[in-house]
Amino acid sequence: MAKLFDFDKEKTGRKFNGERLKLARTYRNISAKELAEQIGVQRQTISMYENSKLTNPEIENLQKMSEVLHFPIQFFMEDVKMNLDESPIYFRSLLTTRKQYRIEQKTKVDFVSVIYQYLSDYLDFLELNLPDIPENTPPEAAANILREYWGLGDRPIDNIIYLVEKNGLIVTDFESSTNDVDAYSHRMECSNGSYTFLIGYSKNKTATARIHFDIAHELGHILLHSWKEDLENIEKEEFKEIEKEAHEFAAAFLLPKEAFISDIGGYADKLPYYIEMKRRWKVSIAAMIRRSFTLGLIDSFEYQRMMRSMQKQGIRKVEPLDDVLTTSKPSLLREGVYLLLDENVFTPKEFVDELSLEYGLSLYPEEIERLLGLRENTLKIRNDFKIISSIKDKHKM
């Protein structure tokens with residue numbers, strides 16, 4: 001069975017691993033300087049720990065690292081090397097998001113990938129069901145191909161999270177230290193040598209219409225763009241073009257041309273009408289107005305006028321119906337864990353222990369719950385040993 005970690009506890013013993021310290025620190029988005037201050041050592045000491053120039057921290061310092069970063073001490077002792085899919089992660093805000101926040105999310109993606117690998121050794125997840133899109137296919141045409149492949153016709157997509165999970169992709173919502181990270185997509189290897197895609201969207205973005213567009217945008221990257229590209233080193237203009245294509249795909253996928261034109265009728269320049277359109281299509285008003293402009297239903301003047309009107313009315317960032325429309329939460333990984341627990345495949349403690357011992361990823365139960373969106377205390381480890389056989393009846397004594 002292929003492992004995402006090359007883990008051999010016979011060779012590793014309990015030796016401090018500086019790489020794991022850096023991993024935990026980036027996961028928490030804590031700088032080396034901040035960590036040093038919180039545990040009471042010099043900044044250079046943290047650097048020496050991470051670069052394995054100091055290999056045996058004082059137990060007091062190790063305990064403080066564990067407390068500050070909220071990782072089990074065992075996490076820092078696992079002498080493991082990540083062997084994950086090195087394909088790029090497409091971040092919607094790559095050009096404006098600071099690198100530290102991208103690294104934070106990359107680490108969380110890696111952890112989810114390990115847990116997915118773990119679960120896939122017990123569960124048969126749905127196979128990835130995506131069409132082959134010929135190279136240089138325009139975004140609009142690619143969106144039509146996917147709609148036809150998934151049998152969607154030209155009807156509105158009521159629940160895009162359920163739709164993509166039903167077709168073998170993994171969706172997760174993630175916590176972030178910044179509002180600059182909207183969404184991302186990443187290719188993940190499966191235990192049988194195949195692969196799937198992970199789409200993540202920020203828990204900071206709660207409006208259904210925005211979530212739908214973010215996920216459709218990532219579908220655009222998955223179908224249209226290279227998974228061998230080094231996104232950190234491409235030219236700014238080239239990345240802008242990649243983002244533009246993903247935007248065009250998302251708009252065309254969520255708002256198919258003929259159906260949208262038929263629905264909007266002669267009201268493309270009437271802002272109030274878009275509110276009712278939003279209720280039906282679950283797409284933001286701003287995105288629908290942009291779609292009308294792209295399709296030539298309104299000109300540049302009308303487009304700018306309506307955007308200014310939204311700004312003046314205070315509905316540019318928080319739109320009407322944002323607090324009304326709903327969509328489902330990601331469920332594939334979460335329900336997989338619930339199923340294995342319900343069927344007594346393992347107990348919560350066994351789940352956490354096996355993830356540590358067999359996959360080299362020691363995490364506290366609550367951390368796993370946050371990563372997978374599990375109910376609080378799903379993996380709480382309880383001491384259920386009982387040695388009292390009965391309660392005495394004091395009246396018989």
# chains A, B, ... in the order shown; residues from 1 in each chain; ligands from 1

$ residues_around --residues "Tyr116 in chain A" --least-positions-apart "6" --cutoff "12 Å" --atoms "only C-alpha atoms" --output "VMD selection string"
chain A and resid 3 to 4 84 109 to 110 122 to 125 169 to 172 188 to 191 195 to 198 332 to 334 336 to 337 355 359 368 371 to 372

$ residues_around --residues "range 126-141 of chain A" --least-positions-apart "2" --cutoff "8 Å" --atoms "only C-alpha atoms" --output "number ranges by chain"
A: 124, 143-146, 149, 166-169, 195-196, 220, 223-224, 245-246, 248-249, 252-253

$ closest_atom_pairs --of "range 89-155 of chain A" --to "range 22-39 of chain A" --cutoff "8 Å" --atoms "only C-alpha atoms" --output "CSV"
residue,atom,partner,partner_atom,distance
A:Gln100,CA,A:Asn29,CA,7.0
A:Tyr101,CA,A:Asn29,CA,7.2
A:Ile103,CA,A:Thr26,CA,6.7
A:Glu104,CA,A:Tyr27,CA,4.9
A:Gln105,CA,A:Tyr27,CA,7.4
A:Thr107,CA,A:Tyr27,CA,5.9
A:Lys108,CA,A:Tyr27,CA,6.8

$ closest_residue --among "A:Thr347, A:His212, A:Asp154, A:Ile222" --to "His186 in chain A" --atoms "only C-alpha atoms"
A:Ile222

$ atom_distance --atom1 "CA of Phe75 in chain A" --atom2 "CA of Glu350 in chain A"
16.8 Å

$ select_by_dssp --residues "range 283-334 of chain A" --states "helix (DSSP H, G or I)" --output "list in words"
Ile285, Ala286, Ala287, Met288, Ile289, Arg290, Arg291, Ser292, Phe293, Thr294, Ser300, Phe301, Glu302, Tyr303, Gln304, Arg305, Met306, Met307, Arg308, Ser309, Met310, Gln311, Lys312, Leu332, Leu333 and Arg334 of chain A

$ write_last_selection --atoms "N, CA and C atoms" --output "mmCIF file, in the first residue's frame"
data_model
loop_
_atom_site.group_PDB
_atom_site.id
_atom_site.type_symbol
_atom_site.label_atom_id
_atom_site.label_comp_id
_atom_site.auth_asym_id
_atom_site.auth_seq_id
_atom_site.Cartn_x
_atom_site.Cartn_y
_atom_site.Cartn_z
ATOM 1 N N ILE A 285 -25.364 39.082 -8.205
ATOM 2 C CA ILE A 285 -25.877 40.116 -9.105
ATOM 3 C C ILE A 285 -24.740 40.683 -9.938
ATOM 4 N N ALA A 286 -23.610 40.947 -9.299
ATOM 5 C CA ALA A 286 -22.468 41.518 -10.019
ATOM 6 C C ALA A 286 -22.010 40.598 -11.139
ATOM 7 N N ALA A 287 -21.960 39.284 -10.869
ATOM 8 C CA ALA A 287 -21.524 38.332 -11.890
ATOM 9 C C ALA A 287 -22.533 38.257 -13.037
ATOM 10 N N MET A 288 -23.825 38.347 -12.725
ATOM 11 C CA MET A 288 -24.841 38.301 -13.781
ATOM 12 C C MET A 288 -24.793 39.557 -14.641
ATOM 13 N N ILE A 289 -24.570 40.703 -14.024
ATOM 14 C CA ILE A 289 -24.443 41.934 -14.804
ATOM 15 C C ILE A 289 -23.229 41.844 -15.727
ATOM 16 N N ARG A 290 -22.140 41.313 -15.203
ATOM 17 C CA ARG A 290 -20.948 41.127 -16.033
ATOM 18 C C ARG A 290 -21.230 40.172 -17.183
ATOM 19 N N ARG A 291 -21.991 39.121 -16.924
ATOM 20 C CA ARG A 291 -22.357 38.163 -17.974
ATOM 21 C C ARG A 291 -23.198 38.852 -19.046
ATOM 22 N N SER A 292 -24.119 39.711 -18.639
ATOM 23 C CA SER A 292 -24.928 40.457 -19.605
ATOM 24 C C SER A 292 -24.052 41.322 -20.498
ATOM 25 N N PHE A 293 -23.049 41.947 -19.893
ATOM 26 C CA PHE A 293 -22.127 42.783 -20.666
ATOM 27 C C PHE A 293 -21.313 41.930 -21.635
ATOM 28 N N THR A 294 -20.797 40.783 -21.156
ATOM 29 C CA THR A 294 -19.984 39.895 -21.996
ATOM 30 C C THR A 294 -20.780 39.379 -23.189
ATOM 31 N N SER A 300 -21.029 49.095 -22.358
ATOM 32 C CA SER A 300 -20.099 49.474 -21.294
ATOM 33 C C SER A 300 -20.689 50.540 -20.385
ATOM 34 N N PHE A 301 -21.408 51.491 -20.980
ATOM 35 C CA PHE A 301 -22.018 52.563 -20.190
ATOM 36 C C PHE A 301 -23.030 52.002 -19.189
ATOM 37 N N GLU A 302 -23.907 51.101 -19.642
ATOM 38 C CA GLU A 302 -24.917 50.517 -18.761
ATOM 39 C C GLU A 302 -24.267 49.647 -17.683
ATOM 40 N N TYR A 303 -23.229 48.941 -18.073
ATOM 41 C CA TYR A 303 -22.522 48.106 -17.098
ATOM 42 C C TYR A 303 -21.949 48.958 -15.978
ATOM 43 N N GLN A 304 -21.249 50.023 -16.324
ATOM 44 C CA GLN A 304 -20.652 50.902 -15.320
ATOM 45 C C GLN A 304 -21.719 51.598 -14.481
ATOM 46 N N ARG A 305 -22.821 51.955 -15.114
ATOM 47 C CA ARG A 305 -23.907 52.633 -14.393
ATOM 48 C C ARG A 305 -24.475 51.733 -13.311
ATOM 49 N N MET A 306 -24.700 50.463 -13.646
ATOM 50 C CA MET A 306 -25.274 49.548 -12.664
ATOM 51 C C MET A 306 -24.276 49.218 -11.557
ATOM 52 N N MET A 307 -23.000 49.119 -11.897
ATOM 53 C CA MET A 307 -21.993 48.887 -10.863
ATOM 54 C C MET A 307 -21.938 50.059 -9.878
ATOM 55 N N ARG A 308 -22.014 51.284 -10.409
ATOM 56 C CA ARG A 308 -22.021 52.467 -9.538
ATOM 57 C C ARG A 308 -23.273 52.506 -8.688
ATOM 58 N N SER A 309 -24.390 52.097 -9.275
ATOM 59 C CA SER A 309 -25.641 52.075 -8.535
ATOM 60 C C SER A 309 -25.571 51.084 -7.367
ATOM 61 N N MET A 310 -24.985 49.928 -7.598
ATOM 62 C CA MET A 310 -24.817 48.943 -6.520
ATOM 63 C C MET A 310 -23.939 49.516 -5.406
ATOM 64 N N GLN A 311 -22.898 50.233 -5.809
ATOM 65 C CA GLN A 311 -21.999 50.832 -4.826
ATOM 66 C C GLN A 311 -22.731 51.852 -3.971
ATOM 67 N N LYS A 312 -23.512 52.702 -4.596
ATOM 68 C CA LYS A 312 -24.257 53.749 -3.889
ATOM 69 C C LYS A 312 -25.301 53.158 -2.941
ATOM 70 N N LEU A 332 -18.264 14.738 1.579
ATOM 71 C CA LEU A 332 -17.690 13.454 1.196
ATOM 72 C C LEU A 332 -16.716 12.918 2.252
ATOM 73 N N LEU A 333 -15.744 13.710 2.659
ATOM 74 C CA LEU A 333 -14.782 13.260 3.665
ATOM 75 C C LEU A 333 -15.458 13.103 5.021
ATOM 76 N N ARG A 334 -16.297 14.066 5.359
ATOM 77 C CA ARG A 334 -16.997 14.038 6.654
ATOM 78 C C ARG A 334 -17.855 12.790 6.783
#

$ closest_residue --among "A:Ile215, A:Arg370, A:Val283, A:Leu340" --to "Asp158 in chain A" --atoms "only C-alpha atoms"
A:Val283

$ closest_residue --among "A:Ile234, A:Ala268, A:Val324, A:Met77" --to "Ala207 in chain A" --atoms "only C-alpha atoms"
A:Val324

$ closest_residue --among "A:Ser120, A:Ser66, A:Gln313, A:Thr327" --to "Thr206 in chain A" --atoms "only C-alpha atoms"
A:Thr327

$ atom_distance --atom1 "CA of Lys257 in chain A" --atom2 "CA of Asp214 in chain A"
19.2 Å

$ residues_around --residues "Phe76 in chain A" --least-positions-apart "4" --cutoff "10 Å" --atoms "only C-alpha atoms" --output "list in words"
Arg14, Lys15, Phe16, Asn17, Gly18, Glu19, Arg20, Leu21, Lys22, Leu23, Ala24, Leu62, Met65, Ser66, Phe71, Pro72, Val80, Leu361 and Ser362 of chain A

$ atom_distance --atom1 "CA of Ala216 in chain A" --atom2 "CA of Asn192 in chain A"
27.3 Å

$ closest_residue --among "A:Gly265, A:Pro330, A:Pro320, A:Pro272" --to "Ile160 in chain A" --atoms "only C-alpha atoms"
A:Pro330

$ closest_residue --among "A:Leu163, A:Ile157, A:Ile199, A:Leu363" --to "Arg280 in chain A" --atoms "only C-alpha atoms"
A:Ile157

$ select_by_dssp --residues "range 106-322 of chain A" --states "strand (DSSP E or B)" --output "ChimeraX atom specification"
/A:170-174,183-189,195-202
